[in-house]
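Engineer: Below is one structure. I have some questions about it.
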Amino acid sequence: MLGNHELQPLADLIRRPIVVVRSEARGNKSANNVEVIAYPTGKPNTENAPIYVQNINNYHFRLFIPAPHQEATPGTSLKGNSVEGDYTGAGLNDCLIASLRRGGANFGGLNNQEIRQHCVEHARSHLPEDVFIP
């Protein structure tokens with residue numbers, strides 16, 4: 001399953017911020033708490049609307065539709081609803097990609113395998129030189 005470590009290359013690819021909210025209550029945090037926001041590289045104040053996804057127990061992602069007029073900052077709780085993603089052409093573990101697609105992400109015609117490969121190449125390019133990934 002694609003997850004948090006793929007957020008940056010995905011935000012760069014779709015040129016939109018990705019806001020991740022958690023679905024479960026943990027300790028003093030309430031459900032739909034903003035966990036992380038990944039902005040496209042070099043565009044911290046992008047005018048492109050963010051896509052919200054809900055992280056369900058580190059197991060599954062769904063598109064999250066927040067109620068209007070809420071500020072999304074890390075640690076805040078948002079009201080809203082979640083829906084399953086667009087699984088057209090998706091693989092077994094493509095719930096994050098499917099959620100982004102349902103939210104209107106434009107992947108430039110790349111299929112899911114190509115999107116996953118983009119994330120792999122990003123990870124490889126950001127590893128220390130002495131680490132080898134076959």
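Labeling convention for the structure tokens: chains A, B, ... as they appear, residues from 1 per chain, ligands from 1 in order of appearance.
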Give me the residues within 7 Å of Gln54 (chain A) as a list in words, counting only C-alpha atoms and dropping any in the same chain fewer than 3 places off.

Structural biologist: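 Those residues are Val20, Val21, Arg22, Ser23, Phe61, Arg62, Leu63, Phe64 and Ser82 of chain A.
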
Engineer: Among region 37-99 of chain A, which residues carry a DSSP assignment of strand (DSSP E or B), reported as a list of chain:residue names?

Structural biologist: A:Ile37, A:Ala38, A:Ile51, A:Tyr52, A:Val53, A:Gln54, A:Asn55, A:Ile56, A:His60, A:Phe61, A:Arg62, A:Leu63, A:Phe64, A:Ile65, A:Pro66, A:Ser77, A:Gly80, A:Asn81, A:Ser82, A:Val83

Engineer: Any idea what's packed within 8 Å of Asn81 (chain A), counting only C-alpha atoms, ignoring anything in its chain fewer than 6 positions away? Could you give it as a list of chain:residue names?

Structural biologist: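 Once the nearby chain positions are removed, what remains is A:Phe64, A:Ile65, A:Pro66, A:Ala67.
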
Engineer: Go ahead and save the picked residues with all heavy atoms, as a PDB file, in the first residue's frame.

Structural biologist:
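Result file follows (selection-v8.pdb):
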```pdb
ATOM      1  N   PHE A  64     -11.415  12.143   1.487  1.00  0.00           N
ATOM      2  CA  PHE A  64     -12.100  12.825   2.575  1.00  0.00           C
ATOM      3  C   PHE A  64     -12.638  14.143   2.046  1.00  0.00           C
ATOM      4  O   PHE A  64     -11.925  14.895   1.376  1.00  0.00           O
ATOM      5  CB  PHE A  64     -11.140  13.071   3.747  1.00  0.00           C
ATOM      6  CG  PHE A  64     -11.787  13.698   4.940  1.00  0.00           C
ATOM      7  CD1 PHE A  64     -12.584  12.946   5.787  1.00  0.00           C
ATOM      8  CD2 PHE A  64     -11.605  15.042   5.222  1.00  0.00           C
ATOM      9  CE1 PHE A  64     -13.183  13.512   6.894  1.00  0.00           C
ATOM     10  CE2 PHE A  64     -12.191  15.617   6.324  1.00  0.00           C
ATOM     11  CZ  PHE A  64     -12.994  14.857   7.163  1.00  0.00           C
ATOM     12  N   ILE A  65     -13.893  14.419   2.329  1.00  0.00           N
ATOM     13  CA  ILE A  65     -14.534  15.660   1.897  1.00  0.00           C
ATOM     14  C   ILE A  65     -14.858  16.467   3.150  1.00  0.00           C
ATOM     15  O   ILE A  65     -15.831  16.165   3.856  1.00  0.00           O
ATOM     16  CB  ILE A  65     -15.799  15.362   1.074  1.00  0.00           C
ATOM     17  CG1 ILE A  65     -15.430  14.487  -0.119  1.00  0.00           C
ATOM     18  CG2 ILE A  65     -16.469  16.666   0.624  1.00  0.00           C
ATOM     19  CD1 ILE A  65     -16.596  13.806  -0.781  1.00  0.00           C
ATOM     20  N   PRO A  66     -14.029  17.481   3.445  1.00  0.00           N
ATOM     21  CA  PRO A  66     -14.255  18.250   4.670  1.00  0.00           C
ATOM     22  C   PRO A  66     -15.464  19.175   4.525  1.00  0.00           C
ATOM     23  O   PRO A  66     -15.798  19.620   3.419  1.00  0.00           O
ATOM     24  CB  PRO A  66     -12.965  19.058   4.830  1.00  0.00           C
ATOM     25  CG  PRO A  66     -12.422  19.184   3.454  1.00  0.00           C
ATOM     26  CD  PRO A  66     -12.860  17.942   2.708  1.00  0.00           C
ATOM     27  N   ALA A  67     -16.106  19.452   5.652  1.00  0.00           N
ATOM     28  CA  ALA A  67     -17.173  20.446   5.666  1.00  0.00           C
ATOM     29  C   ALA A  67     -16.555  21.799   5.295  1.00  0.00           C
ATOM     30  O   ALA A  67     -15.370  22.043   5.555  1.00  0.00           O
ATOM     31  CB  ALA A  67     -17.813  20.501   7.049  1.00  0.00           C
TER      32      ALA A  67
END
```

Engineer: With only C-alpha atoms as the basis for distance, which of A:Thr73, A:Thr88, A:Thr41, A:Gln113 is at the shortest distance from Arg101 (chain A)?

Structural biologist: A:Thr88

Engineer: Quick one: residues within 12 Å of His5 (chain A), only C-alpha atoms counted, chain neighbours fewer than 6 positions away excluded, as an mmCIF file with N, CA and C atoms, in the first residue's frame?

Structural biologist:
```
data_model
loop_
_atom_site.group_PDB
_atom_site.id
_atom_site.type_symbol
_atom_site.label_atom_id
_atom_site.label_comp_id
_atom_site.auth_asym_id
_atom_site.auth_seq_id
_atom_site.Cartn_x
_atom_site.Cartn_y
_atom_site.Cartn_z
ATOM 1 N N ALA A 11 2.396 14.591 -4.369
ATOM 2 C CA ALA A 11 2.037 16.017 -4.385
ATOM 3 C C ALA A 11 2.776 16.734 -5.512
ATOM 4 N N VAL A 20 -3.675 14.769 4.830
ATOM 5 C CA VAL A 20 -4.035 13.458 5.379
ATOM 6 C C VAL A 20 -4.659 13.658 6.749
ATOM 7 N N VAL A 36 -0.845 15.245 8.472
ATOM 8 C CA VAL A 36 0.265 15.806 7.699
ATOM 9 C C VAL A 36 -0.294 16.483 6.452
ATOM 10 N N ILE A 37 0.432 17.509 5.985
ATOM 11 C CA ILE A 37 0.087 18.166 4.726
ATOM 12 C C ILE A 37 1.346 18.143 3.871
ATOM 13 N N ALA A 38 1.238 17.556 2.685
ATOM 14 C CA ALA A 38 2.356 17.519 1.742
ATOM 15 C C ALA A 38 2.090 18.541 0.638
ATOM 16 N N LEU A 96 -4.475 4.797 -2.041
ATOM 17 C CA LEU A 96 -4.090 6.206 -1.990
ATOM 18 C C LEU A 96 -4.210 6.837 -3.370
ATOM 19 N N ARG A 116 3.365 4.369 -9.226
ATOM 20 C CA ARG A 116 4.145 3.694 -8.178
ATOM 21 C C ARG A 116 5.631 3.749 -8.507
ATOM 22 N N CYS A 119 7.154 6.985 -7.580
ATOM 23 C CA CYS A 119 7.429 7.062 -6.140
ATOM 24 C C CYS A 119 8.711 6.313 -5.782
ATOM 25 N N VAL A 120 8.941 5.161 -6.413
ATOM 26 C CA VAL A 120 10.158 4.387 -6.179
ATOM 27 C C VAL A 120 11.379 5.193 -6.609
ATOM 28 N N HIS A 122 11.679 8.396 -6.869
ATOM 29 C CA HIS A 122 11.852 9.508 -5.925
ATOM 30 C C HIS A 122 12.573 9.020 -4.671
ATOM 31 N N ALA A 123 12.143 7.876 -4.145
ATOM 32 C CA ALA A 123 12.774 7.324 -2.939
ATOM 33 C C ALA A 123 14.242 7.003 -3.199
ATOM 34 N N HIS A 126 16.567 9.959 -3.162
ATOM 35 C CA HIS A 126 16.713 10.643 -1.883
ATOM 36 C C HIS A 126 17.390 9.768 -0.811
#
```

Engineer: For CA of Gly91 (chain A) and CA of Ala31 (chain A), determine how far apart the two atoms are, in Å to one decimal place.

Structural biologist: 28.0 Å

Engineer: Any chance you could list, as a ChimeraX atom specification, the residues in region 6-127 of chain A that come up helix (DSSP H, G or I) when DSSP is run on the backbone?

Structural biologist: /A:6-14,95-102,112-125

Engineer: Rank nothing, just name the residue among A:Asp86, A:Arg124, A:His118, A:Ile18 nearest to Ser99 (chain A), using only C-alpha atoms.

Structural biologist: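 Between A:Asp86, A:Arg124, A:His118, A:Ile18, the residue approaching Ser99 (chain A) most closely is A:Asp86.
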
Engineer: Find the residues around Phe107 (chain A) up to 10 Å (only C-alpha atoms counted), leave out those fewer than 5 positions away in its own chain, and share them as a list in words.

Structural biologist: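 Result of the neighbour search: Leu10, Leu13, Ile14, Arg15, Ile97, Leu100, Arg101, Asn112, Glu114 and Ile115 of chain A.
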
Engineer: Taking only C-alpha atoms into account, name the residue in A:Pro9, A:Gly85, A:Pro17, A:Gly80 that is nearest to Gly103 (chain A).

Structural biologist: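 So, comparing all the options, the nearest one is A:Gly85.
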
Engineer: To one decimal place in Å, what is the distance between CA of Gly104 (chain A) and CA of Leu78 (chain A)?

Structural biologist: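 Here the two named atoms are 20.2 Å from each other.
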
Engineer: What gap, in Å, lies between CA of Asn58 (chain A) and CA of Gly89 (chain A)?

Structural biologist: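 Distance between the two atoms: 22.8 Å.
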